[in-house]
There are 2 protein chains.
Amino acid sequence: MVLPILESSKLRSGVDFYLAYSPERVDPANKKYNIRNTPKIVGGITPESTEMVEVLYSQIVDTVVPVSCPEVAEMTKVFENVFRSVNIALVNELAQLCEKLGVSVWEVLDATSTKPFGYMPFHPGPGIGGHCIPSDPYYLANKAKEVDFHTRFIELAAEINENMPYYVSFRIMETLNATGKSLNGAMLLILGIAYKKDIEDIRDSPSLKLVQLLSDKGAKVAYNDPYIPKIKLSQGSLASVEVNKENLSSADCVVIATDHSCYDINEVATYSKLLFDTRGATRGLKGDNIARLGE
Amino acid sequence: MVLPILESSKLRSGVDFYLAYSPERVDPANKKYNIRNTPKIVGGITPESTEMVEVLYSQIVDTVVPVSCPEVAEMTKVFENVFRSVNIALVNELAQLCEKLGVSVWEVLDATSTKPFGYMPFHPGPGIGGHCIPSDPYYLANKAKEVDFHTRFIELAAEINENMPYYVSFRIMETLNATGKSLNGAMLLILGIAYKKDIEDIRDSPSLKLVQLLSDKGAKVAYNDPYIPKIKLSQGSLASVEVNKENLSSADCVVIATDHSCYDINEVATYSKLLFDTRGATRGLKGDNIARLGE
């Protein structure tokens, strides 16, 4: 797509410019890996293009990894996202099974994480968000269909992950129901709107979806997110409220949707009449008022 | 199941004996992790049982990880195997897609493996084998059905992994077909029968399945495995032959089924008329006689 546009300028590929693709590899809020120390993949349309762009990036990146063509570079990026999407969906499915079997998915995954080889921890939650994981796998799924191939893991992962806000909303309804309350008319306080902890990014955040779903079912929803002062719902916009004793105790149910590090989980657990925790942030705490995803 | 058997001896649980479950965590041929430095999960039927078995294992294991009950201990083990089964199936699916898209799955996965966070490398191949991964996930799948739950990732992973020997046998047929030969009547030399490299374990090995499938289709199959002197097929038994210039060059197609480290891949590639590589052992080598899974 890009080459014809560039060539329409009368500049010539391989003479006046060199074209290569180098996918983004960014993990927001990751304190260990940044642009410099994250190896950068480069695939050019010719060996010279790869080499030129490799030289360019090597000025700011410690390790540049040349590959044979832009297609391989793109597949690399998409597969990295597919890997995460599938593994998150796998633990989300496990969370739903654990609930039915009466074991705690958090205890299981904490114990599993002590395996020092052949395992990588992923965590259940209310769904997936951000700019990459909810969307990039679909590029590959669509491309695959052009060659009569159906990417079944991508489809299954999407189905399970995209269902999580719905599943969590039903679990909240069920938790309220056990105390004799309907979700319709209940006052809820949702903690955390960003798609993951300690960032201010709400793109495709499952918390937003969850807030919308709960509102649609008649709940009166308030939220807090120290990074997100305001959100838009189909009914209008909402402003973040404070997390304090009064707001916690006046809600029929408090929901931990995103477990920002700044939340005082003990305070939240102490003052909430009912607490639904989608992130395992309260694991280790006991209390009849606490319900968790995957338990 | 075990408690009533033990109690039928008139010994009393918690007085005369303590019962706990501690799952196996063994990775055959792993040189870094052994019984001593692999954390061991222990879940007893009572807190005292957990503690007693923890004390027992701590005599020979550096780290014992107590969990609340045998069910959590068992779920941990099964999920570790599910994780591997699913991730192997995911790259096996990717291999099939890469072949159709005309990019090399080996190049893609080598490049992906340079990501220093959020990724763990898995490798495509002719299927899964060994004592754990092909069977343990089914225990969970069956248990899940008792509580009206269908473990879709386990089912999908099993379907893709168990199809791999069939897929590889078709790719071999296709590779021969491109040279104008039918699989029926072709002389094949299969390298590697153990279910993974550098071990002598053939339990549920996909290579065995592959040899059987190719024989059933009329191929004359010989094999080499330095660790496995003899194998049984439905038609009778076969003895391992040497890997030498004569045996390599007289086969219509040589197949790398398990890439034992002792194989001289250059020699294999040089003398094979046609070489089908299911493990990416020949990556980097060029030659019109080489075909690979996932390309």
# chains A, B, ... in the order shown; residues from 1 in each chain; ligands from 1

$ interface_residues --of "chain A" --to "chain B" --cutoff "6 Å" --atoms "only C-alpha atoms" --output "list in words"
Val72, Thr76, Val108 and Thr112 of chain A

$ write_last_selection --atoms "N, CA and C atoms" --output "PDB file, in the first residue's frame"
ATOM      1  N   VAL A  72       6.832 -10.841   7.250  1.00  0.00           N
ATOM      2  CA  VAL A  72       7.307 -11.551   8.443  1.00  0.00           C
ATOM      3  C   VAL A  72       7.299 -10.600   9.648  1.00  0.00           C
ATOM      4  N   THR A  76       5.002 -11.208  12.990  1.00  0.00           N
ATOM      5  CA  THR A  76       5.622 -11.231  14.312  1.00  0.00           C
ATOM      6  C   THR A  76       4.808 -10.398  15.301  1.00  0.00           C
ATOM      7  N   VAL A 108      -5.075 -21.023  42.514  1.00  0.00           N
ATOM      8  CA  VAL A 108      -4.521 -21.942  41.510  1.00  0.00           C
ATOM      9  C   VAL A 108      -3.416 -21.256  40.709  1.00  0.00           C
ATOM     10  N   THR A 112       0.495 -22.078  40.440  1.00  0.00           N
ATOM     11  CA  THR A 112       1.036 -22.447  39.125  1.00  0.00           C
ATOM     12  C   THR A 112       2.252 -21.580  38.774  1.00  0.00           C
TER      13      THR A 112
END

$ select_by_dssp --residues "region 60-257 of chain B" --states "alpha helix (DSSP H)" --output "number ranges by chain"
B: 70-101, 105-112, 136-146, 152-178, 206-216, 245-250

$ select_by_dssp --residues "region 24-115 of chain A" --states "strand (DSSP E or B)" --output "ChimeraX atom specification"
/A:40-44,64-67

$ residues_around --residues "region 218-223 of chain A" --least-positions-apart "3" --cutoff "8 Å" --atoms "only C-alpha atoms" --output "ChimeraX atom specification"
/A:183-193,211,214-215,238-241

$ residues_around --residues "Asp225 (chain B)" --least-positions-apart "4" --cutoff "12 Å" --atoms "only C-alpha atoms" --output "PDB file with N, CA and C atoms, in the first residue's frame"
ATOM      1  N   LEU B 189      12.534 -42.498   5.121  1.00  0.00           N
ATOM      2  CA  LEU B 189      13.368 -42.684   6.309  1.00  0.00           C
ATOM      3  C   LEU B 189      12.952 -41.626   7.334  1.00  0.00           C
ATOM      4  N   ILE B 190      12.416 -42.086   8.467  1.00  0.00           N
ATOM      5  CA  ILE B 190      11.939 -41.166   9.508  1.00  0.00           C
ATOM      6  C   ILE B 190      13.021 -41.020  10.565  1.00  0.00           C
ATOM      7  N   LEU B 191      13.424 -39.799  10.840  1.00  0.00           N
ATOM      8  CA  LEU B 191      14.439 -39.573  11.869  1.00  0.00           C
ATOM      9  C   LEU B 191      13.779 -39.097  13.166  1.00  0.00           C
ATOM     10  N   GLY B 192      13.964 -39.863  14.238  1.00  0.00           N
ATOM     11  CA  GLY B 192      13.454 -39.454  15.548  1.00  0.00           C
ATOM     12  C   GLY B 192      12.080 -40.012  15.846  1.00  0.00           C
ATOM     13  N   ILE B 193      12.015 -40.867  16.853  1.00  0.00           N
ATOM     14  CA  ILE B 193      10.738 -41.488  17.231  1.00  0.00           C
ATOM     15  C   ILE B 193      10.313 -41.037  18.627  1.00  0.00           C
ATOM     16  N   ALA B 194      11.251 -40.700  19.479  1.00  0.00           N
ATOM     17  CA  ALA B 194      10.914 -40.201  20.826  1.00  0.00           C
ATOM     18  C   ALA B 194      10.015 -38.974  20.694  1.00  0.00           C
ATOM     19  N   TYR B 195       9.218 -38.693  21.731  1.00  0.00           N
ATOM     20  CA  TYR B 195       8.237 -37.605  21.573  1.00  0.00           C
ATOM     21  C   TYR B 195       8.875 -36.230  21.631  1.00  0.00           C
ATOM     22  N   LYS B 196      10.110 -36.147  22.198  1.00  0.00           N
ATOM     23  CA  LYS B 196      10.865 -34.906  22.036  1.00  0.00           C
ATOM     24  C   LYS B 196      12.350 -35.201  21.992  1.00  0.00           C
ATOM     25  N   LYS B 197      13.134 -34.172  21.678  1.00  0.00           N
ATOM     26  CA  LYS B 197      14.547 -34.406  21.395  1.00  0.00           C
ATOM     27  C   LYS B 197      15.313 -34.885  22.618  1.00  0.00           C
ATOM     28  N   ASP B 198      16.272 -35.741  22.365  1.00  0.00           N
ATOM     29  CA  ASP B 198      17.268 -36.140  23.359  1.00  0.00           C
ATOM     30  C   ASP B 198      16.712 -36.921  24.536  1.00  0.00           C
ATOM     31  N   ILE B 199      15.539 -37.537  24.360  1.00  0.00           N
ATOM     32  CA  ILE B 199      15.031 -38.436  25.394  1.00  0.00           C
ATOM     33  C   ILE B 199      14.664 -39.768  24.749  1.00  0.00           C
ATOM     34  N   GLU B 200      14.452 -40.767  25.595  1.00  0.00           N
ATOM     35  CA  GLU B 200      14.183 -42.110  25.046  1.00  0.00           C
ATOM     36  C   GLU B 200      12.748 -42.547  25.341  1.00  0.00           C
ATOM     37  N   ASP B 201      11.857 -41.576  25.441  1.00  0.00           N
ATOM     38  CA  ASP B 201      10.471 -41.846  25.819  1.00  0.00           C
ATOM     39  C   ASP B 201       9.597 -41.818  24.565  1.00  0.00           C
ATOM     40  N   ILE B 202       8.892 -42.922  24.298  1.00  0.00           N
ATOM     41  CA  ILE B 202       8.014 -42.941  23.111  1.00  0.00           C
ATOM     42  C   ILE B 202       6.538 -42.923  23.481  1.00  0.00           C
ATOM     43  N   SER B 207       5.531 -39.251  16.467  1.00  0.00           N
ATOM     44  CA  SER B 207       6.322 -39.907  15.418  1.00  0.00           C
ATOM     45  C   SER B 207       5.794 -41.312  15.148  1.00  0.00           C
ATOM     46  N   LEU B 208       5.415 -42.013  16.221  1.00  0.00           N
ATOM     47  CA  LEU B 208       4.872 -43.363  16.062  1.00  0.00           C
ATOM     48  C   LEU B 208       3.597 -43.324  15.229  1.00  0.00           C
ATOM     49  N   PRO B 229      15.721 -48.560  19.875  1.00  0.00           N
ATOM     50  CA  PRO B 229      16.228 -49.563  18.921  1.00  0.00           C
ATOM     51  C   PRO B 229      15.128 -50.262  18.124  1.00  0.00           C
ATOM     52  N   LYS B 230      13.899 -50.279  18.659  1.00  0.00           N
ATOM     53  CA  LYS B 230      12.855 -51.071  18.002  1.00  0.00           C
ATOM     54  C   LYS B 230      11.491 -50.438  18.275  1.00  0.00           C
ATOM     55  N   ILE B 231      10.606 -50.441  17.284  1.00  0.00           N
ATOM     56  CA  ILE B 231       9.234 -49.982  17.534  1.00  0.00           C
ATOM     57  C   ILE B 231       8.245 -51.003  16.994  1.00  0.00           C
ATOM     58  N   LEU B 238       9.682 -52.869  13.785  1.00  0.00           N
ATOM     59  CA  LEU B 238      10.729 -52.284  12.945  1.00  0.00           C
ATOM     60  C   LEU B 238      11.946 -52.032  13.815  1.00  0.00           C
ATOM     61  N   ALA B 239      13.124 -52.187  13.240  1.00  0.00           N
ATOM     62  CA  ALA B 239      14.355 -51.879  13.969  1.00  0.00           C
ATOM     63  C   ALA B 239      14.978 -50.612  13.405  1.00  0.00           C
ATOM     64  N   SER B 240      15.578 -49.844  14.283  1.00  0.00           N
ATOM     65  CA  SER B 240      16.238 -48.602  13.880  1.00  0.00           C
ATOM     66  C   SER B 240      17.377 -48.899  12.906  1.00  0.00           C
ATOM     67  N   VAL B 241      17.470 -48.104  11.846  1.00  0.00           N
ATOM     68  CA  VAL B 241      18.580 -48.260  10.900  1.00  0.00           C
ATOM     69  C   VAL B 241      19.570 -47.115  11.111  1.00  0.00           C
ATOM     70  N   GLU B 242      20.742 -47.239  10.557  1.00  0.00           N
ATOM     71  CA  GLU B 242      21.746 -46.180  10.699  1.00  0.00           C
ATOM     72  C   GLU B 242      21.411 -44.966   9.853  1.00  0.00           C
ATOM     73  N   VAL B 243      21.881 -43.807  10.315  1.00  0.00           N
ATOM     74  CA  VAL B 243      21.807 -42.608   9.474  1.00  0.00           C
ATOM     75  C   VAL B 243      23.150 -42.489   8.770  1.00  0.00           C
ATOM     76  N   ILE B 256      12.436 -35.402   9.140  1.00  0.00           N
ATOM     77  CA  ILE B 256      12.894 -35.111  10.509  1.00  0.00           C
ATOM     78  C   ILE B 256      11.651 -34.994  11.378  1.00  0.00           C
ATOM     79  N   ALA B 257      11.403 -36.057  12.170  1.00  0.00           N
ATOM     80  CA  ALA B 257      10.217 -36.066  13.029  1.00  0.00           C
ATOM     81  C   ALA B 257      10.575 -35.573  14.433  1.00  0.00           C
ATOM     82  N   THR B 258      11.735 -35.977  14.911  1.00  0.00           N
ATOM     83  CA  THR B 258      12.239 -35.496  16.205  1.00  0.00           C
ATOM     84  C   THR B 258      13.695 -35.102  16.009  1.00  0.00           C
ATOM     85  N   ASP B 259      14.014 -33.883  16.379  1.00  0.00           N
ATOM     86  CA  ASP B 259      15.324 -33.321  16.033  1.00  0.00           C
ATOM     87  C   ASP B 259      16.356 -33.561  17.141  1.00  0.00           C
ATOM     88  N   HIS B 260      16.678 -34.823  17.364  1.00  0.00           N
ATOM     89  CA  HIS B 260      17.719 -35.129  18.359  1.00  0.00           C
ATOM     90  C   HIS B 260      18.985 -34.331  18.050  1.00  0.00           C
ATOM     91  N   SER B 261      19.639 -33.865  19.105  1.00  0.00           N
ATOM     92  CA  SER B 261      20.836 -33.026  18.925  1.00  0.00           C
ATOM     93  C   SER B 261      21.951 -33.757  18.195  1.00  0.00           C
ATOM     94  N   CYS B 262      21.964 -35.078  18.283  1.00  0.00           N
ATOM     95  CA  CYS B 262      23.073 -35.822  17.673  1.00  0.00           C
ATOM     96  C   CYS B 262      22.987 -35.874  16.147  1.00  0.00           C
ATOM     97  N   TYR B 263      21.853 -35.524  15.576  1.00  0.00           N
ATOM     98  CA  TYR B 263      21.762 -35.586  14.109  1.00  0.00           C
ATOM     99  C   TYR B 263      22.633 -34.507  13.473  1.00  0.00           C
TER     100      TYR B 263
END

$ residues_around --residues "Asn266 (chain A)" --least-positions-apart "2" --cutoff "12 Å" --atoms "only C-alpha atoms" --output "list in words"
Lys245, Leu248, Cys262, Tyr263, Asp264, Val268, Ala269, Thr270, Tyr271, Ser272, Leu275, Ala281, Thr282, Arg283, Gly284, Leu285, Lys286, Gly287 and Ile290 of chain A

$ write_last_selection --atoms "N, CA and C atoms" --output "CSV table (one decimal), in the first residue's frame"
chain,number,residue,atom,x,y,z
A,245,LYS,N,-14.7,6.6,52.8
A,245,LYS,CA,-15.5,5.8,53.6
A,245,LYS,C,-17.0,6.0,53.2
A,248,LEU,N,-17.8,4.5,49.6
A,248,LEU,CA,-17.7,3.1,49.7
A,248,LEU,C,-18.9,2.5,50.4
A,262,CYS,N,-2.7,2.4,43.6
A,262,CYS,CA,-2.9,3.4,44.6
A,262,CYS,C,-4.1,3.1,45.5
A,263,TYR,N,-4.9,2.1,45.0
A,263,TYR,CA,-6.1,1.8,45.9
A,263,TYR,C,-5.7,1.1,47.2
A,264,ASP,N,-6.3,1.5,48.3
A,264,ASP,CA,-6.1,0.9,49.6
A,264,ASP,C,-7.1,-0.2,49.7
A,268,VAL,N,-11.0,-0.4,51.1
A,268,VAL,CA,-12.1,-0.7,50.2
A,268,VAL,C,-12.9,-1.9,50.8
A,269,ALA,N,-12.2,-3.0,51.2
A,269,ALA,CA,-12.8,-4.2,51.7
A,269,ALA,C,-13.5,-3.9,53.1
A,270,THR,N,-13.0,-3.0,53.8
A,270,THR,CA,-13.5,-2.7,55.2
A,270,THR,C,-14.9,-2.0,55.0
A,271,TYR,N,-14.9,-1.0,54.2
A,271,TYR,CA,-16.1,-0.1,54.1
A,271,TYR,C,-17.2,-0.5,53.1
A,272,SER,N,-16.8,-1.5,52.2
A,272,SER,CA,-17.8,-1.9,51.2
A,272,SER,C,-18.8,-2.8,51.9
A,275,LEU,N,-18.5,-6.3,48.0
A,275,LEU,CA,-17.4,-6.0,47.1
A,275,LEU,C,-17.2,-7.1,46.1
A,281,ALA,N,-7.5,-8.6,43.5
A,281,ALA,CA,-6.8,-7.7,44.3
A,281,ALA,C,-6.9,-7.9,45.8
A,282,THR,N,-8.1,-8.6,46.1
A,282,THR,CA,-8.4,-8.8,47.5
A,282,THR,C,-8.0,-10.2,48.0
A,283,ARG,N,-7.2,-10.9,47.1
A,283,ARG,CA,-6.9,-12.3,47.5
A,283,ARG,C,-6.2,-12.3,48.9
A,284,GLY,N,-6.4,-13.3,49.7
A,284,GLY,CA,-5.8,-13.3,51.0
A,284,GLY,C,-6.8,-12.6,52.1
A,285,LEU,N,-7.6,-11.7,51.6
A,285,LEU,CA,-8.6,-11.1,52.5
A,285,LEU,C,-9.8,-12.0,52.7
A,286,LYS,N,-10.3,-12.1,53.9
A,286,LYS,CA,-11.5,-12.9,54.1
A,286,LYS,C,-12.6,-11.9,54.6
A,287,GLY,N,-13.8,-12.3,54.2
A,287,GLY,CA,-15.0,-11.4,54.6
A,287,GLY,C,-16.2,-11.9,53.8
A,290,ILE,N,-17.1,-10.1,50.5
A,290,ILE,CA,-16.2,-10.1,49.4
A,290,ILE,C,-16.6,-11.2,48.4

$ closest_residue --among "B:Met173, B:Leu274, B:Leu210, B:Ile60" --to "Ile128 (chain B)" --atoms "only C-alpha atoms"
B:Leu210
